[in-house]
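S.K.: Dropping the structure in here first, questions after.
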Amino acid sequence: MPVPPDTVLAQLKWRYATKRFDPTRKIAPDLWAKLELAAIHAPSSFGLQPWTFVVVTDPVMRKKLHPVSYNQAQILDASHLVVFAAKNPPTPADVEAHVAHTAAVRGETVASLDGLKSGLLGALARMDAAQAHRWAARQTYIALGVFLSAAAMMGVDACPMEGFQPDKYDEILGLKEKGLGSVVLATAGYRSPEDKYASAAKSRFEPKDVVIRI
Ligand SMILES: Cc1cc2nc3c(=O)[nH]c(=O)nc-3n(C[C@H](O)[C@H](O)[C@H](O)COP(=O)(O)O)c2cc1C
């Protein structure tokens with residue numbers, strides 16, 4: 001069922017990059033599960049989903065991550081921290097897993113997806129490992145965007161965050177050995193009544209400044 005456009009816009013205007021979360025308020029597990037599903041439903045090139053969402057709620061781990069996130073308060077205070085990690089790099093085994101999964105959920109044979117498989121393997125073969133990781137990383141930003149928009153629709157506050165040291169995150173969370181590299185973060189929870197940014201006017205250019213109509 002479509003959501004009324006004015007409701008969508010109202011929620012997008014309501015959202016802001018939350019600087020101060022109320023540390024006493026946690027996102028209920030049922031709601032969090034739906035937010036995770038929203039990110040999982042993000043589109044990706046060839047549908048490969050070359051990502052893992054690392055959800056960090058453990059306060060001890062969050063304390064370790066705080067200093068390698070430029071001491072930003074959100075890391076400690078938000079209800080949830082999500083590390084959007086990309087396959088580093090995506091491999092032919094990831095392609096096999098994707099093709100097998102797609103065949104299974106669609107009730108088709110793996111052979112019928114040969115075109116998808118060869119397209120993906122060909123795309124990967126044309127990239128070196130660093131390029132393939134960057135390609136996967138771009139996909140994770142789409143998942144971040146879907147997550148942020150879904151959070152806004154569900155009345156959950158969030159902050160996208162690039163202010164962290166990815167190599168340190170990889171080390172602390174053991175991501176390298178899992179074939180992953182951290183790309184971008186989102187913190188989520190509920191705004192503190194003391195966050196002055198919540199009431200700051202939105203600074204956005206007018207459509208005439210950023211839209212070209214042809
Ligand atoms: C990719 C990305 C990285 C960001 N990194 C941080 C960050 O590390 N810390 C922070 O407080 N805000 C961060 N922001 C929030 C932006 O500063 C904010 O979205 C922008 O100023 C627009 O404000 P608004 O989102 O409140 O409308 C980031 C935003 C994006 C999209």
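Residue names in the structure tokens use chain letters A, B, ... in the order shown, residue numbers from 1 in each chain, and ligand numbers from 1 in the order shown.
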Tell me, which residues of range 36-67 of chain A carry DSSP alpha helix (DSSP H), written as a PyMOL selection string?
M.R.: chain A and resi 36-40+59-65
S.K.: Would you kindly return, as a PyMOL selection string, each protein, DNA or RNA residue with an atom no farther than 8 Å from any atom of range 10-19 of chain A, considering only C-alpha atoms and excluding same-chain residues fewer than 5 positions away?
M.R.: chain A and resi 73-74+149+152-153+155+157-160+191+195+197-198+202
S.K.: Can you write just those residues out, C-alpha atoms, as a PDB file, in the first residue's frame?
M.R.:
ATOM      1  CA  ALA A  73      28.975  10.770  21.452  1.00  0.00           C
ATOM      2  CA  GLN A  74      26.559   8.827  19.236  1.00  0.00           C
ATOM      3  CA  SER A 149      14.835   6.557   5.061  1.00  0.00           C
ATOM      4  CA  ALA A 152      12.633   8.131   9.415  1.00  0.00           C
ATOM      5  CA  MET A 153       9.379   6.510   8.248  1.00  0.00           C
ATOM      6  CA  GLY A 155       9.976   7.368  13.715  1.00  0.00           C
ATOM      7  CA  ASP A 157      16.287   8.777  14.831  1.00  0.00           C
ATOM      8  CA  ALA A 158      19.581   8.011  13.136  1.00  0.00           C
ATOM      9  CA  CYS A 159      22.916   9.470  12.137  1.00  0.00           C
ATOM     10  CA  PRO A 160      24.983   8.397   9.119  1.00  0.00           C
ATOM     11  CA  ARG A 191      16.977  12.035  20.031  1.00  0.00           C
ATOM     12  CA  ASP A 195      20.006  18.105  20.912  1.00  0.00           C
ATOM     13  CA  TYR A 197      20.337  20.243  15.934  1.00  0.00           C
ATOM     14  CA  ALA A 198      16.840  18.739  16.070  1.00  0.00           C
ATOM     15  CA  LYS A 202      17.103  22.184   7.192  1.00  0.00           C
TER      16      LYS A 202
END
S.K.: Of the residues A:Ile172, A:Ala143, A:Ala150, A:Leu81, which is the one nearest to Ser44 in chain A, using only C-alpha atoms?
M.R.: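 So, comparing all the options, the nearest one is A:Ala143.
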S.K.: Could you please write out, as a count of residues only, every residue of range 5-120 of chain A that DSSP assigns to strand (DSSP E)?
M.R.: 14
S.K.: Please provide as a PyMOL selection string all residues within 12 Å of Thr187 in chain A, with the sequence filter that same-chain residues fewer than 4 positions apart are discarded (counting only C-alpha atoms).
M.R.: chain A and resi 16-21+23+26-27+54-57+62+69+72-84+144+147-148+151+156-163+191
S.K.: Using only C-alpha atoms and all ligand atoms, which of the listed residues (A:Val68, A:Ala93, A:Ala38, A:Ala129) sits closest to ligand 1?
M.R.: A:Val68
S.K.: List the neighbours of Asp167 in chain A out to 12 Å using only C-alpha atoms; skip same-chain residues closer than 3 positions along the sequence, and give me the result as an MDAnalysis selection string.
M.R.: chainID A and resid 65 68:69 85 164 170:176 180:184
S.K.: Go ahead and write the selection's residues with N, CA, C and O atoms as a compact mmCIF listing (two decimals), in the first residue's frame.
M.R.:
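Output saved as again.txt:
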# COMPACT_ATOMS: atom_id res chain seq x y z
N LEU A 65 35.13 1.19 20.47
CA LEU A 65 35.01 1.84 19.17
C LEU A 65 34.98 3.37 19.27
O LEU A 65 35.31 4.07 18.32
N VAL A 68 38.10 5.44 18.34
CA VAL A 68 38.46 5.36 16.90
C VAL A 68 37.30 5.85 16.03
O VAL A 68 37.23 5.58 14.85
N SER A 69 36.41 6.61 16.68
CA SER A 69 35.30 7.26 15.98
C SER A 69 35.33 8.75 16.33
O SER A 69 34.29 9.39 16.47
N ALA A 85 29.42 -3.01 6.32
CA ALA A 85 30.68 -3.56 5.84
C ALA A 85 30.47 -4.16 4.46
O ALA A 85 29.41 -4.72 4.16
N PHE A 164 35.03 7.84 11.37
CA PHE A 164 35.62 6.73 12.13
C PHE A 164 36.80 6.19 11.34
O PHE A 164 36.97 6.53 10.16
N ASP A 170 37.93 -2.57 11.54
CA ASP A 170 38.14 -3.92 11.00
C ASP A 170 38.91 -4.78 12.00
O ASP A 170 38.60 -5.96 12.19
N GLU A 171 39.90 -4.14 12.63
CA GLU A 171 40.74 -4.85 13.60
C GLU A 171 39.92 -5.23 14.85
O GLU A 171 39.88 -6.39 15.25
N ILE A 172 39.25 -4.24 15.42
CA ILE A 172 38.53 -4.45 16.68
C ILE A 172 37.39 -5.46 16.50
O ILE A 172 37.13 -6.30 17.36
N LEU A 173 36.71 -5.37 15.36
CA LEU A 173 35.53 -6.25 15.14
C LEU A 173 35.91 -7.55 14.41
O LEU A 173 35.03 -8.38 14.15
N GLY A 174 37.19 -7.70 14.10
CA GLY A 174 37.64 -8.93 13.42
C GLY A 174 37.03 -9.10 12.04
O GLY A 174 36.68 -10.22 11.63
N LEU A 175 36.89 -7.99 11.31
CA LEU A 175 36.19 -8.06 10.02
C LEU A 175 37.08 -8.60 8.90
O LEU A 175 36.59 -9.27 7.99
N LYS A 176 38.40 -8.31 8.98
CA LYS A 176 39.30 -8.71 7.89
C LYS A 176 39.25 -10.23 7.69
O LYS A 176 39.12 -10.71 6.56
N LEU A 180 35.71 -9.00 5.12
CA LEU A 180 34.90 -7.78 5.08
C LEU A 180 35.76 -6.55 5.37
O LEU A 180 36.80 -6.66 6.01
N GLY A 181 35.28 -5.40 4.93
CA GLY A 181 35.90 -4.13 5.27
C GLY A 181 34.82 -3.13 5.64
O GLY A 181 33.83 -3.00 4.91
N SER A 182 34.96 -2.45 6.77
CA SER A 182 33.93 -1.49 7.18
C SER A 182 33.95 -0.29 6.24
O SER A 182 35.01 0.14 5.79
N VAL A 183 32.77 0.25 5.97
CA VAL A 183 32.63 1.32 4.98
C VAL A 183 32.03 2.58 5.61
O VAL A 183 32.57 3.67 5.49
N VAL A 184 30.90 2.43 6.26
CA VAL A 184 30.17 3.58 6.80
C VAL A 184 29.32 3.07 7.97
O VAL A 184 29.03 1.88 8.06
S.K.: Given the choices A:Pro207, A:Pro29, A:Pro166, A:Gly179, which gets closest to ligand 1 if the distance is worked out from only C-alpha atoms and all ligand atoms?
M.R.: A:Pro166
